[in-house]
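Asks: Contents of model-v5.pdb (PDB, C-alpha atoms) are given next:
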```pdb
ATOM      1  CA  ARG A 233       0.000   0.000   0.000  1.00  0.00           C
ATOM      2  CA  ILE A 234       1.090   3.524  -0.735  1.00  0.00           C
ATOM      3  CA  GLY A 235      -0.114   6.278   1.586  1.00  0.00           C
ATOM      4  CA  ILE A 236      -0.619   9.837   0.435  1.00  0.00           C
ATOM      5  CA  PHE A 237      -0.970  12.335   3.289  1.00  0.00           C
ATOM      6  CA  VAL A 238      -3.883  14.629   2.459  1.00  0.00           C
ATOM      7  CA  GLY A 239      -4.504  16.434   5.744  1.00  0.00           C
ATOM      8  CA  GLY A 240      -3.476  19.901   6.727  1.00  0.00           C
ATOM      9  CA  ALA A 241      -5.170  23.243   7.090  1.00  0.00           C
ATOM     10  CA  SER A 242      -3.578  24.793   3.971  1.00  0.00           C
ATOM     11  CA  SER A 243      -3.460  28.061   5.874  1.00  0.00           C
ATOM     12  CA  ARG A 244      -0.528  29.489   3.901  1.00  0.00           C
ATOM     13  CA  MET A 245      -1.585  28.280   0.444  1.00  0.00           C
ATOM     14  CA  GLY A 246      -5.279  29.044   0.804  1.00  0.00           C
ATOM     15  CA  ILE A 247      -6.474  25.834  -0.908  1.00  0.00           C
ATOM     16  CA  PRO A 248      -5.589  22.197  -0.267  1.00  0.00           C
ATOM     17  CA  LYS A 249      -2.291  21.442  -2.000  1.00  0.00           C
ATOM     18  CA  GLY A 250      -3.715  18.423  -3.796  1.00  0.00           C
ATOM     19  CA  LEU A 251      -6.158  20.700  -5.637  1.00  0.00           C
ATOM     20  CA  VAL A 252      -3.382  22.765  -7.251  1.00  0.00           C
ATOM     21  CA  ARG A 253      -3.574  22.211 -11.012  1.00  0.00           C
ATOM     22  CA  ALA A 254      -0.693  21.501 -13.361  1.00  0.00           C
ATOM     23  CA  PRO A 255      -0.558  23.397 -16.667  1.00  0.00           C
ATOM     24  CA  ASP A 256      -2.424  20.503 -18.329  1.00  0.00           C
ATOM     25  CA  GLY A 257      -5.307  20.904 -15.839  1.00  0.00           C
ATOM     26  CA  GLU A 258      -4.733  17.741 -13.812  1.00  0.00           C
ATOM     27  CA  ALA A 259      -4.841  18.229 -10.033  1.00  0.00           C
ATOM     28  CA  LEU A 260      -1.723  17.327  -8.067  1.00  0.00           C
ATOM     29  CA  LEU A 261      -3.564  14.643  -6.078  1.00  0.00           C
ATOM     30  CA  GLU A 262      -5.027  13.069  -9.225  1.00  0.00           C
ATOM     31  CA  ARG A 263      -1.575  12.859 -10.792  1.00  0.00           C
ATOM     32  CA  LEU A 264       0.106  11.504  -7.679  1.00  0.00           C
ATOM     33  CA  ALA A 265      -2.618   8.863  -7.135  1.00  0.00           C
ATOM     34  CA  ARG A 266      -2.412   7.784 -10.788  1.00  0.00           C
ATOM     35  CA  VAL A 267       1.369   7.385 -10.719  1.00  0.00           C
ATOM     36  CA  ALA A 268       1.461   5.748  -7.266  1.00  0.00           C
ATOM     37  CA  GLY A 269      -1.343   3.391  -8.306  1.00  0.00           C
ATOM     38  CA  ALA A 270       1.029   1.762 -10.769  1.00  0.00           C
ATOM     39  CA  PHE A 271       3.021   0.458  -7.777  1.00  0.00           C
ATOM     40  CA  GLY A 272       0.248  -0.672  -5.436  1.00  0.00           C
ATOM     41  CA  GLU A 273      -2.988   0.211  -3.683  1.00  0.00           C
ATOM     42  CA  VAL A 274      -3.233   3.925  -2.864  1.00  0.00           C
ATOM     43  CA  VAL A 275      -4.639   5.051   0.485  1.00  0.00           C
ATOM     44  CA  LEU A 276      -5.437   8.694   1.253  1.00  0.00           C
ATOM     45  CA  VAL A 277      -4.320   9.320   4.844  1.00  0.00           C
ATOM     46  CA  GLY A 278      -5.901  12.159   6.813  1.00  0.00           C
ATOM     47  CA  ASP A 279      -8.930  14.356   6.315  1.00  0.00           C
ATOM     48  CA  ALA A 280      -9.740  13.742   2.636  1.00  0.00           C
ATOM     49  CA  PHE A 281     -12.986  15.767   2.645  1.00  0.00           C
ATOM     50  CA  ALA A 282     -11.568  18.382   0.229  1.00  0.00           C
ATOM     51  CA  TYR A 283     -10.830  15.591  -2.251  1.00  0.00           C
ATOM     52  CA  ARG A 284     -14.182  13.775  -2.127  1.00  0.00           C
ATOM     53  CA  GLY A 285     -15.018  12.215  -5.455  1.00  0.00           C
ATOM     54  CA  MET A 286     -11.654  13.139  -6.928  1.00  0.00           C
ATOM     55  CA  VAL A 287     -10.011   9.702  -6.823  1.00  0.00           C
ATOM     56  CA  PRO A 288     -12.809   7.215  -6.114  1.00  0.00           C
ATOM     57  CA  SER A 289     -10.532   4.210  -6.545  1.00  0.00           C
ATOM     58  CA  CYS A 290      -8.495   5.164  -3.447  1.00  0.00           C
ATOM     59  CA  ARG A 291      -9.284   3.978   0.060  1.00  0.00           C
ATOM     60  CA  ARG A 292      -9.372   6.562   2.819  1.00  0.00           C
ATOM     61  CA  LEU A 293      -7.909   6.316   6.291  1.00  0.00           C
ATOM     62  CA  ARG A 294      -8.812   9.063   8.729  1.00  0.00           C
ATOM     63  CA  ASP A 295      -6.431  10.162  11.460  1.00  0.00           C
ATOM     64  CA  ALA A 296      -7.119   8.534  14.813  1.00  0.00           C
ATOM     65  CA  ARG A 297      -6.662  11.998  16.362  1.00  0.00           C
ATOM     66  CA  SER A 298      -7.054  15.050  14.175  1.00  0.00           C
ATOM     67  CA  GLY A 299      -5.197  18.319  14.531  1.00  0.00           C
ATOM     68  CA  ILE A 300      -1.813  16.946  15.561  1.00  0.00           C
ATOM     69  CA  GLY A 301      -0.089  17.222  12.198  1.00  0.00           C
ATOM     70  CA  PRO A 302       1.578  14.617   9.990  1.00  0.00           C
ATOM     71  CA  LEU A 303       2.683  12.558  12.966  1.00  0.00           C
ATOM     72  CA  GLY A 304      -0.984  11.801  13.690  1.00  0.00           C
ATOM     73  CA  GLY A 305      -1.417  10.381  10.208  1.00  0.00           C
ATOM     74  CA  LEU A 306       1.736   8.358  10.482  1.00  0.00           C
TER      75      LEU A 306
END
```
Can the structure from this file be put into structure tokens for me?
Replies:
Amino acid sequence: RIGIFVGGASSRMGIPKGLVRAPDGEALLERLARVAGAFGEVVLVGDAFAYRGMVPSCRRLRDARSGIGPLGGL
């Protein structure tokens, strides 16, 4: 399994980082999930609400305790 951390408040960027679009229009999370999917099952780790419906083939794993940063997802 390949975990992609998708949590975070995005307070500096203003939008979730995975929603940033490449020049060809593909969102960063879509691209990363597609490439990682070639190597195994992809699991979105953290609060994936902002990405709902974006990569339906990926499982989701919520943090056991939210608000404690990447270590909580790990």
Asks: Please define a box with edges along x, y and z of the file around all atoms of stretch 266-280 of chain A given in the file, extend it by 8 Å on each side, and return its centre and edge lengths in Å to one decimal, as JSON.
Replies:
```
{"center_x": -3.4, "center_y": 6.8, "center_z": -2.0, "size_x": 28.8, "size_y": 31.0, "size_z": 33.6}
```
Asks: Rounded to one decimal in Å, what is the spacing between atom CA of A:Gly278 and atom CA of A:Pro255?
Replies: 26.6 Å
Asks: I'd like to see the residues matched by the PyMOL selection byres ((chain A and resi 290-302) around 7) on this file, and ideally I'd get them as a PDB file with C-alpha atoms, in the coordinates of the input.
Replies:
```
ATOM      1  CA  GLY A 240      -3.476  19.901   6.727  1.00  0.00           C
ATOM      2  CA  VAL A 274      -3.233   3.925  -2.864  1.00  0.00           C
ATOM      3  CA  VAL A 275      -4.639   5.051   0.485  1.00  0.00           C
ATOM      4  CA  LEU A 276      -5.437   8.694   1.253  1.00  0.00           C
ATOM      5  CA  VAL A 277      -4.320   9.320   4.844  1.00  0.00           C
ATOM      6  CA  GLY A 278      -5.901  12.159   6.813  1.00  0.00           C
ATOM      7  CA  ASP A 279      -8.930  14.356   6.315  1.00  0.00           C
ATOM      8  CA  VAL A 287     -10.011   9.702  -6.823  1.00  0.00           C
ATOM      9  CA  PRO A 288     -12.809   7.215  -6.114  1.00  0.00           C
ATOM     10  CA  SER A 289     -10.532   4.210  -6.545  1.00  0.00           C
ATOM     11  CA  LEU A 303       2.683  12.558  12.966  1.00  0.00           C
ATOM     12  CA  GLY A 304      -0.984  11.801  13.690  1.00  0.00           C
ATOM     13  CA  GLY A 305      -1.417  10.381  10.208  1.00  0.00           C
ATOM     14  CA  LEU A 306       1.736   8.358  10.482  1.00  0.00           C
TER      15      LEU A 306
END
```
Asks: Can you work out the spacing between atom CA of A:Arg266 and atom CA of A:Ala280 in Å, to one decimal?
Replies: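 That distance, rounded to one decimal, is 16.4 Å.
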Asks: In Å, how far is it from atom CA of A:Met245 to atom CA of A:Arg233?
Replies: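 According to the coordinates, atom CA of A:Met245 and atom CA of A:Arg233 are separated by 28.3 Å.
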Asks: Quick one: of A:Met286, A:Ser243, A:Phe281, A:Val252, who's nearest to A:Ala265, counting all atoms listed in the file?
Replies: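 Once distances to A:Ala265 are computed over all atoms listed in the file, the minimum belongs to A:Met286.
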Asks: For A:Leu260, work out the shell of residues within 9 Å, counting all atoms listed in the file and skipping chain neighbours fewer than 4 positions away, then give it as a ChimeraX atom specification.
Replies: /A:249-254,264-265
